[in-house]
file target_9.txt (compact mmCIF, C-alpha atoms and all ligand atoms)
# COMPACT_ATOMS: atom_id res chain seq x y z
CA MET A 167 -13.64 -9.20 4.26
CA ASN A 168 -9.99 -9.63 3.23
CA ILE A 169 -8.50 -7.27 0.68
CA LEU A 170 -5.27 -6.71 -1.24
CA ILE A 171 -4.61 -3.21 -2.55
CA THR A 172 -1.99 -2.86 -5.24
CA GLY A 173 -0.76 -0.36 -7.83
CA ALA A 174 2.37 1.52 -8.83
CA PRO A 175 4.21 3.89 -6.44
CA GLY A 176 1.94 6.89 -5.83
CA SER A 177 -1.19 5.23 -7.17
CA GLY A 178 -2.99 5.96 -3.88
CA LYS A 179 -2.72 2.67 -1.93
CA GLY A 180 -1.98 4.38 1.38
CA THR A 181 -4.60 7.11 0.89
CA MET A 182 -7.36 4.61 0.08
CA SER A 183 -6.21 2.16 2.77
CA ARG A 184 -6.77 4.80 5.44
CA ARG A 185 -10.36 5.28 4.26
CA ILE A 186 -11.06 1.54 3.95
CA MET A 187 -9.71 1.00 7.45
CA ASP A 188 -11.79 3.82 8.96
CA THR A 189 -15.01 2.88 7.15
CA PHE A 190 -14.92 -0.92 7.25
CA GLY A 191 -12.96 -1.48 10.48
CA ILE A 192 -10.35 -3.58 8.74
CA THR A 193 -6.75 -3.94 9.95
CA HIS A 194 -4.20 -2.37 7.59
CA ILE A 195 -0.90 -4.16 7.02
CA SER A 196 1.52 -2.29 4.73
CA SER A 197 4.86 -3.94 3.95
CA GLY A 198 6.36 -0.48 3.24
CA ASP A 199 5.19 0.81 6.65
CA LEU A 200 6.59 -2.31 8.37
CA PHE A 201 9.99 -1.69 6.77
CA ARG A 202 9.92 2.01 7.72
CA GLN A 203 9.15 0.98 11.31
CA TYR A 204 12.14 -1.41 11.35
CA ILE A 205 14.32 1.40 9.94
CA LYS A 206 13.10 3.83 12.62
CA GLU A 207 13.88 1.27 15.35
CA ASP A 208 17.38 0.85 13.93
CA THR A 209 17.15 -2.95 13.69
CA GLU A 210 19.24 -5.29 11.54
CA ILE A 211 16.29 -5.89 9.20
CA GLY A 212 15.79 -2.12 9.06
CA ALA A 213 19.38 -1.57 7.92
CA LEU A 214 19.07 -4.25 5.26
CA ALA A 215 15.70 -2.90 4.05
CA ARG A 216 17.02 0.66 3.88
CA HIS A 217 19.82 -0.44 1.55
CA TYR A 218 17.20 -1.50 -1.04
CA ILE A 219 14.46 1.05 -0.35
CA ASP A 220 16.71 4.11 -0.73
CA GLN A 221 17.71 2.91 -4.21
CA GLY A 222 14.08 2.19 -5.14
CA LEU A 223 14.71 -1.58 -5.33
CA LEU A 224 12.45 -4.23 -3.83
CA VAL A 225 13.60 -5.80 -0.57
CA PRO A 226 14.47 -9.51 -1.21
CA ASP A 227 11.48 -11.86 -1.18
CA ASP A 228 12.64 -14.08 1.71
CA VAL A 229 13.01 -11.12 4.09
CA THR A 230 9.72 -9.53 2.99
CA ILE A 231 7.71 -12.75 3.24
CA GLU A 232 9.09 -13.44 6.72
CA ILE A 233 8.21 -10.03 8.19
CA VAL A 234 4.71 -9.88 6.68
CA LYS A 235 4.01 -13.49 7.66
CA GLU A 236 5.04 -12.76 11.24
CA ARG A 237 2.70 -9.75 11.34
CA ILE A 238 -0.24 -11.66 9.84
CA LEU A 239 0.16 -14.73 12.05
CA CYS A 240 0.09 -12.66 15.24
CA PHE A 241 -3.23 -11.18 14.14
CA ASN A 242 -6.12 -13.14 15.60
CA GLU A 243 -9.05 -10.78 15.75
CA ASP A 244 -12.31 -11.17 13.87
CA GLN A 245 -12.07 -8.19 11.54
CA GLY A 246 -10.65 -8.60 8.05
CA ILE A 247 -7.19 -7.69 6.80
CA LEU A 248 -6.16 -5.15 4.20
CA LEU A 249 -2.75 -5.87 2.72
CA ASP A 250 -1.14 -2.81 1.11
CA GLY A 251 1.83 -3.41 -1.19
CA PHE A 252 2.20 -7.13 -0.43
CA PRO A 253 2.42 -9.41 -2.37
CA ARG A 254 4.30 -7.52 -5.08
CA THR A 255 6.19 -10.37 -6.79
CA SER A 256 5.00 -13.76 -8.07
CA ILE A 257 7.15 -15.49 -5.43
CA GLN A 258 5.42 -13.45 -2.69
CA ALA A 259 1.98 -14.28 -4.17
CA HIS A 260 2.71 -18.00 -4.05
CA ALA A 261 4.06 -17.73 -0.50
CA PHE A 262 0.99 -15.77 0.52
CA TYR A 263 -1.28 -18.50 -0.87
CA GLU A 264 0.14 -20.84 1.79
CA ILE A 265 -0.39 -18.17 4.51
CA GLU A 266 -4.00 -17.62 3.31
CA LYS A 267 -4.70 -21.34 3.73
CA LYS A 268 -3.03 -21.46 7.13
CA ILE A 269 -5.06 -18.58 8.58
CA ASN A 270 -8.19 -19.50 6.65
CA ARG A 271 -8.69 -15.97 5.34
CA PRO A 272 -9.11 -16.17 1.57
CA ILE A 273 -8.71 -12.86 -0.27
CA ASP A 274 -12.08 -11.55 -1.49
CA VAL A 275 -10.80 -8.86 -3.84
CA VAL A 276 -7.58 -7.38 -5.23
CA ILE A 277 -8.04 -3.64 -5.79
CA ASN A 278 -5.65 -2.58 -8.55
CA LEU A 279 -5.25 1.22 -8.79
CA VAL A 280 -4.39 2.19 -12.36
CA VAL A 281 -2.64 5.56 -12.87
CA ASP A 282 -0.44 6.75 -15.74
CA LYS A 283 3.23 7.51 -15.14
CA GLU A 284 3.16 11.29 -15.67
CA LEU A 285 0.67 11.68 -12.86
CA LEU A 286 2.61 9.28 -10.59
CA ILE A 287 5.65 11.57 -10.81
CA ARG A 288 3.56 14.53 -9.61
CA ARG A 289 1.99 12.45 -6.85
CA ILE A 290 5.32 11.16 -5.54
CA THR A 291 7.36 14.35 -5.76
CA GLY A 292 4.51 16.33 -4.17
CA ARG A 293 3.80 13.89 -1.33
CA ARG A 294 4.31 15.07 2.26
CA MET A 295 3.42 13.13 5.42
CA CYS A 296 2.74 13.78 9.08
CA PRO A 297 5.31 12.14 11.40
CA GLU A 298 2.66 11.80 14.12
CA CYS A 299 -0.56 10.55 12.48
CA SER A 300 0.86 9.49 9.06
CA THR A 301 -1.76 11.53 7.18
CA ILE A 302 -0.73 11.78 3.53
CA TYR A 303 -0.83 15.15 1.72
CA ASN A 304 0.25 16.42 -1.67
CA ILE A 305 1.54 19.94 -2.18
CA TYR A 306 0.00 20.09 -5.69
CA LEU A 307 -3.11 17.91 -5.42
CA ASN A 308 -4.15 17.60 -1.80
CA PRO A 309 -2.37 20.33 0.24
CA PRO A 310 -2.71 20.88 3.99
CA ARG A 311 -4.54 24.05 5.10
CA VAL A 312 -1.26 25.65 6.22
CA PRO A 313 1.69 24.83 3.92
CA GLY A 314 4.04 22.25 5.47
CA VAL A 315 1.90 21.66 8.59
CA CYS A 316 -0.43 18.72 9.42
CA ASP A 317 -4.12 19.73 9.66
CA ASN A 318 -4.70 17.29 12.55
CA GLU A 319 -1.52 17.41 14.64
CA GLY A 320 0.09 20.74 13.77
CA ARG A 321 3.38 18.89 13.18
CA THR A 322 5.84 19.77 10.41
CA LEU A 323 5.34 17.49 7.42
CA PHE A 324 8.21 15.43 5.99
CA GLN A 325 9.12 13.96 2.61
CA ARG A 326 9.97 10.24 2.29
CA PRO A 327 13.68 9.68 1.43
CA ASP A 328 12.71 7.38 -1.50
CA ASP A 329 10.47 10.08 -3.05
CA THR A 330 13.26 11.40 -5.29
CA LEU A 331 13.07 11.34 -9.09
CA ASP A 332 16.02 8.91 -9.30
CA ALA A 333 14.56 6.40 -6.84
CA LEU A 334 11.12 6.78 -8.41
CA SER A 335 12.31 5.79 -11.87
CA VAL A 336 13.79 2.58 -10.36
CA ARG A 337 10.58 1.96 -8.36
CA LEU A 338 8.44 2.31 -11.50
CA ASN A 339 10.73 -0.08 -13.33
CA GLN A 340 10.56 -2.62 -10.49
CA TYR A 341 6.77 -2.35 -10.63
CA ASP A 342 6.74 -3.20 -14.37
CA ILE A 343 9.16 -6.10 -13.96
CA HIS A 344 7.79 -7.72 -10.79
CA THR A 345 4.33 -6.48 -9.84
CA GLU A 346 2.49 -6.38 -13.19
CA PRO A 347 3.30 -10.10 -13.78
CA MET A 348 2.28 -10.92 -10.19
CA LEU A 349 -1.21 -9.51 -10.91
CA GLU A 350 -1.76 -12.20 -13.57
CA TYR A 351 -1.80 -14.78 -10.80
CA TYR A 352 -4.79 -13.05 -9.18
CA ARG A 353 -6.47 -12.33 -12.54
CA LYS A 354 -6.53 -16.10 -13.11
CA ARG A 355 -8.37 -16.42 -9.78
CA GLY A 356 -10.90 -13.86 -11.10
CA ILE A 357 -10.63 -11.52 -8.10
CA VAL A 358 -8.86 -8.44 -9.56
CA LYS A 359 -10.87 -5.23 -9.79
CA ASP A 360 -9.12 -2.50 -11.81
CA ILE A 361 -9.99 0.97 -10.55
CA ASP A 362 -9.15 4.23 -12.34
CA GLY A 363 -6.87 5.76 -9.69
CA SER A 364 -6.11 8.88 -11.73
CA LEU A 365 -9.32 10.60 -10.65
CA GLY A 366 -9.45 12.76 -7.53
CA VAL A 367 -9.46 11.24 -4.03
CA GLU A 368 -13.26 11.48 -3.64
CA PRO A 369 -14.31 9.79 -6.93
CA VAL A 370 -11.73 7.02 -6.45
CA TRP A 371 -12.94 6.46 -2.91
CA LYS A 372 -16.61 6.40 -4.04
CA GLU A 373 -15.86 3.58 -6.49
CA ILE A 374 -13.89 1.55 -3.93
CA LYS A 375 -16.51 2.05 -1.22
CA GLU A 376 -19.34 0.91 -3.51
CA LEU A 377 -17.33 -2.14 -4.55
CA LEU A 378 -16.58 -3.13 -0.96
CA GLU A 379 -20.17 -2.56 0.18
CA LYS A 380 -21.31 -5.03 -2.47
CA ILE A 381 -18.80 -7.62 -1.24
CA ASP A 382 -19.55 -6.91 2.42
CA GLY A 383 -23.32 -6.70 1.83
CA ASN A 384 -23.58 -3.76 4.21
CA PRO A 385 -23.95 -0.16 2.91
CA ARG A 386 -22.24 2.62 4.94
CA ASP A 387 -23.35 6.28 5.19
P1 LIG B 401 5.68 1.40 -0.23
O1 LIG B 401 5.72 2.23 0.97
O2 LIG B 401 4.62 0.40 -0.37
O3 LIG B 401 5.74 2.37 -1.48
P2 LIG B 401 5.11 2.28 -2.95
O4 LIG B 401 4.54 0.99 -3.37
O5 LIG B 401 6.17 2.83 -3.81
O6 LIG B 401 3.84 3.16 -2.86
P3 LIG B 401 3.73 4.54 -2.14
O7 LIG B 401 3.55 4.35 -0.68
O8 LIG B 401 4.84 5.43 -2.61
O9 LIG B 401 2.40 5.13 -2.83
P4 LIG B 401 0.88 4.83 -2.49
O10 LIG B 401 0.32 4.02 -3.61
O11 LIG B 401 0.69 4.35 -1.11
O12 LIG B 401 0.32 6.32 -2.67
P5 LIG B 401 -0.19 7.39 -1.56
O13 LIG B 401 -1.55 7.02 -1.11
O14 LIG B 401 0.85 7.65 -0.54
O15 LIG B 401 7.08 0.67 -0.36
C1 LIG B 401 8.28 1.40 -0.21
C2 LIG B 401 9.46 0.51 -0.51
O16 LIG B 401 9.51 -0.58 0.44
C3 LIG B 401 9.46 -0.18 -1.88
O17 LIG B 401 9.99 0.66 -2.89
C4 LIG B 401 10.35 -1.39 -1.61
O18 LIG B 401 11.70 -1.03 -1.56
C5 LIG B 401 9.93 -1.79 -0.19
N1 LIG B 401 8.81 -2.73 -0.20
C6 LIG B 401 7.53 -2.50 0.27
N2 LIG B 401 6.77 -3.60 0.09
C7 LIG B 401 7.56 -4.54 -0.50
C8 LIG B 401 7.33 -5.85 -0.94
N3 LIG B 401 6.12 -6.45 -0.84
N4 LIG B 401 8.37 -6.53 -1.50
C9 LIG B 401 9.59 -5.97 -1.60
N5 LIG B 401 9.88 -4.70 -1.21
C10 LIG B 401 8.87 -4.00 -0.66
O19 LIG B 401 -0.36 8.68 -2.51
C11 LIG B 401 0.76 9.27 -3.14
C12 LIG B 401 0.50 10.79 -3.28
O20 LIG B 401 -0.60 11.00 -4.15
C13 LIG B 401 0.13 11.51 -1.97
O21 LIG B 401 0.70 12.77 -1.98
C14 LIG B 401 -1.42 11.59 -1.99
O22 LIG B 401 -1.89 12.71 -1.28
C15 LIG B 401 -1.68 11.71 -3.48
N6 LIG B 401 -2.91 11.03 -3.90
C16 LIG B 401 -3.27 9.74 -3.67
N7 LIG B 401 -4.42 9.45 -4.26
C17 LIG B 401 -4.82 10.58 -4.91
C18 LIG B 401 -5.92 10.91 -5.73
N8 LIG B 401 -6.87 10.01 -6.05
N9 LIG B 401 -6.01 12.16 -6.22
C19 LIG B 401 -5.04 13.11 -5.94
N10 LIG B 401 -3.97 12.85 -5.16
C20 LIG B 401 -3.85 11.59 -4.67
MG MG B 402 1.97 3.73 0.48
call {"tool": "encode", "arguments": {"input": "target_9.txt", "output": "structure tokens", "more": "lines below"}}
Ligand code: AP5
Ligand code: MG
result
Amino acid sequence: MNILITGAPGSGKGTMSRRIMDTFGITHISSGDLFRQYIKEDTEIGALARHYIDQGLLVPDDVTIEIVKERILCFNEDQGILLDGFPRTSIQAHAFYEIEKKINRPIDVVINLVVDKELLIRRITGRRMCPECSTIYNIYLNPPRVPGVCDNEGRTLFQRPDDTLDALSVRLNQYDIHTEPMLEYYRKRGIVKDIDGSLGVEPVWKEIKELLEKIDGNPRD
């Protein structure tokens, strides 16, 4: 099963990807995580990506397509792929169509998480993450047991540098300009499933899990 998960910043792509990956044994490829890895490794691509990410702008299509393509092409196991946050422009969607054909892994479903903007602001400004296991928390909506500390690793949580109100308003604008129109391409293919992402983590997950079990034909406990 091959899946795209899309939605505005803070809609819950990362949170739901973790559960999909754990339950269905699918490999998660997040373009945002790939960029953050390049930044951490202090590479040339990392420096270029940081310039755009810190302002809330999208990284140029040619760079993004190249790094995701490289990651997908080196993936040759049997399990499916879950693409999180890529494609997010029409140019990327068309480029990905060629990659899909090349690797013979057609996308079964595009999960589109729909959340209104007021809630996205709370989700993004309240997000904290573990530097070790990347578990995602929210100080308002999904707090760790001990404030500021990861439940699993005991490490101090951090806030992403692009989770500021200024960067978020640019990110939301970029979403409206580039990603909403991109979705039309997949709507024409009839594979978009809109999910109400404004509900709590458990009800959103229940809906996604049921949807994927139908596609996969294999119910999980
Ligand atoms: P990326 O890392 O993909 O960021 P994003 O799209 O802005 O999305 P986020 O990761 O912020 O949110 P999410 O939907 O994963 O939500 P999460 O699950 O964490 O990209 C970062 C940047 O990289 C981009 O701005 C761009 O510059 C660049 N980039 C990446 N891909 C690119 C591409 N294809 N082309 C060009 N540039 C690209 O949840 C958020 C918070 O909400 C958490 O605190 C969580 O605990 C909470 N939460 C989640 N779900 C629920 C729920 N149901 N109920 C209650 N709380 C919830
Ligand atoms: Mg994410």
call {"tool": "closest_residue", "arguments": {"input": "target_9.txt", "among": "A:Arg293, A:Arg311, A:Arg216, A:Arg185", "to": "ligand LIG 401 (chain B)", "atoms": "all atoms listed in the file"}}
result
A:Arg293
call {"tool": "residues_around", "arguments": {"input": "target_9.txt", "residues": "segment 349-355 of chain A", "least_positions_apart": "3", "cutoff": "10 Å", "atoms": "all atoms listed in the file", "output": "list in words"}}
result
Thr172, Gly173, Pro253, Arg254, Thr255, Ser256, Ala259, His260, Ile273, Val275, Val276, Asn278, His344, Thr345, Glu346, Val358 and Lys359 of chain A
call {"tool": "residues_near_ligand", "arguments": {"input": "target_9.txt", "ligand": "ligand MG 402 (chain B)", "cutoff": "10 Å", "atoms": "only C-alpha atoms and all ligand atoms", "output": "list in words"}}
result
Thr172, Gly173, Ala174, Pro175, Gly176, Ser177, Gly178, Lys179, Gly180, Thr181, Met182, Ser183, Ser196, Ser197, Gly198, Asp199, Asp250, Gly251 and Ile302 of chain A
call {"tool": "closest_residue", "arguments": {"input": "target_9.txt", "among": "A:Gln203, A:Thr291, A:Thr230, A:Thr209", "to": "Leu334 of chain A", "atoms": "all atoms listed in the file"}}
result
A:Thr291
call {"tool": "residues_around", "arguments": {"input": "target_9.txt", "residues": "Leu200 of chain A", "least_positions_apart": "3", "cutoff": "12 Å", "atoms": "only C-alpha atoms", "output": "list in words"}}
result
His194, Ile195, Ser196, Ser197, Gln203, Tyr204, Ile205, Lys206, Glu207, Thr209, Ile211, Gly212, Ala215, Arg216, Val225, Val229, Thr230, Ile231, Glu232, Ile233, Val234, Lys235, Glu236, Arg237, Ile238, Leu249, Asp250, Gly251 and Phe252 of chain A
call {"tool": "atom_distance", "arguments": {"input": "target_9.txt", "atom1": "atom C11 of ligand LIG 401 (chain B)", "atom2": "atom CA of Ile381 of chain A"}}
result
25.9 Å
call {"tool": "closest_residue", "arguments": {"input": "target_9.txt", "among": "A:Leu331, A:Leu307, A:Val336, A:Cys299", "to": "ligand LIG 401 (chain B)", "atoms": "all atoms listed in the file"}}
result
A:Leu307
call {"tool": "axis_aligned_box", "arguments": {"input": "target_9.txt", "around": "ligand LIG 401 (chain B)", "padding_each_side": "8 Å", "output": "AutoDock Vina command-line options"}}
result
--center_x 2.4 --center_y 3.3 --center_z -2.6 --size_x 34.6 --size_y 35.6 --size_z 23.2
call {"tool": "atom_distance", "arguments": {"input": "target_9.txt", "atom1": "atom CA of Gly222 of chain A", "atom2": "atom CA of Ile171 of chain A"}}
result
19.6 Å
call {"tool": "closest_residue", "arguments": {"input": "target_9.txt", "among": "A:Met167, A:Leu224, A:Ile265, A:Cys240", "to": "Asn384 of chain A", "atoms": "only C-alpha atoms"}}
result
A:Met167
call {"tool": "closest_residue", "arguments": {"input": "target_9.txt", "among": "A:Gln221, A:Thr193, A:Gln340, A:Ser335", "to": "Leu286 of chain A", "atoms": "only C-alpha atoms"}}
result
A:Ser335
call {"tool": "atom_distance", "arguments": {"input": "target_9.txt", "atom1": "atom CA of Ile290 of chain A", "atom2": "atom CA of Asp329 of chain A"}}
result
5.8 Å
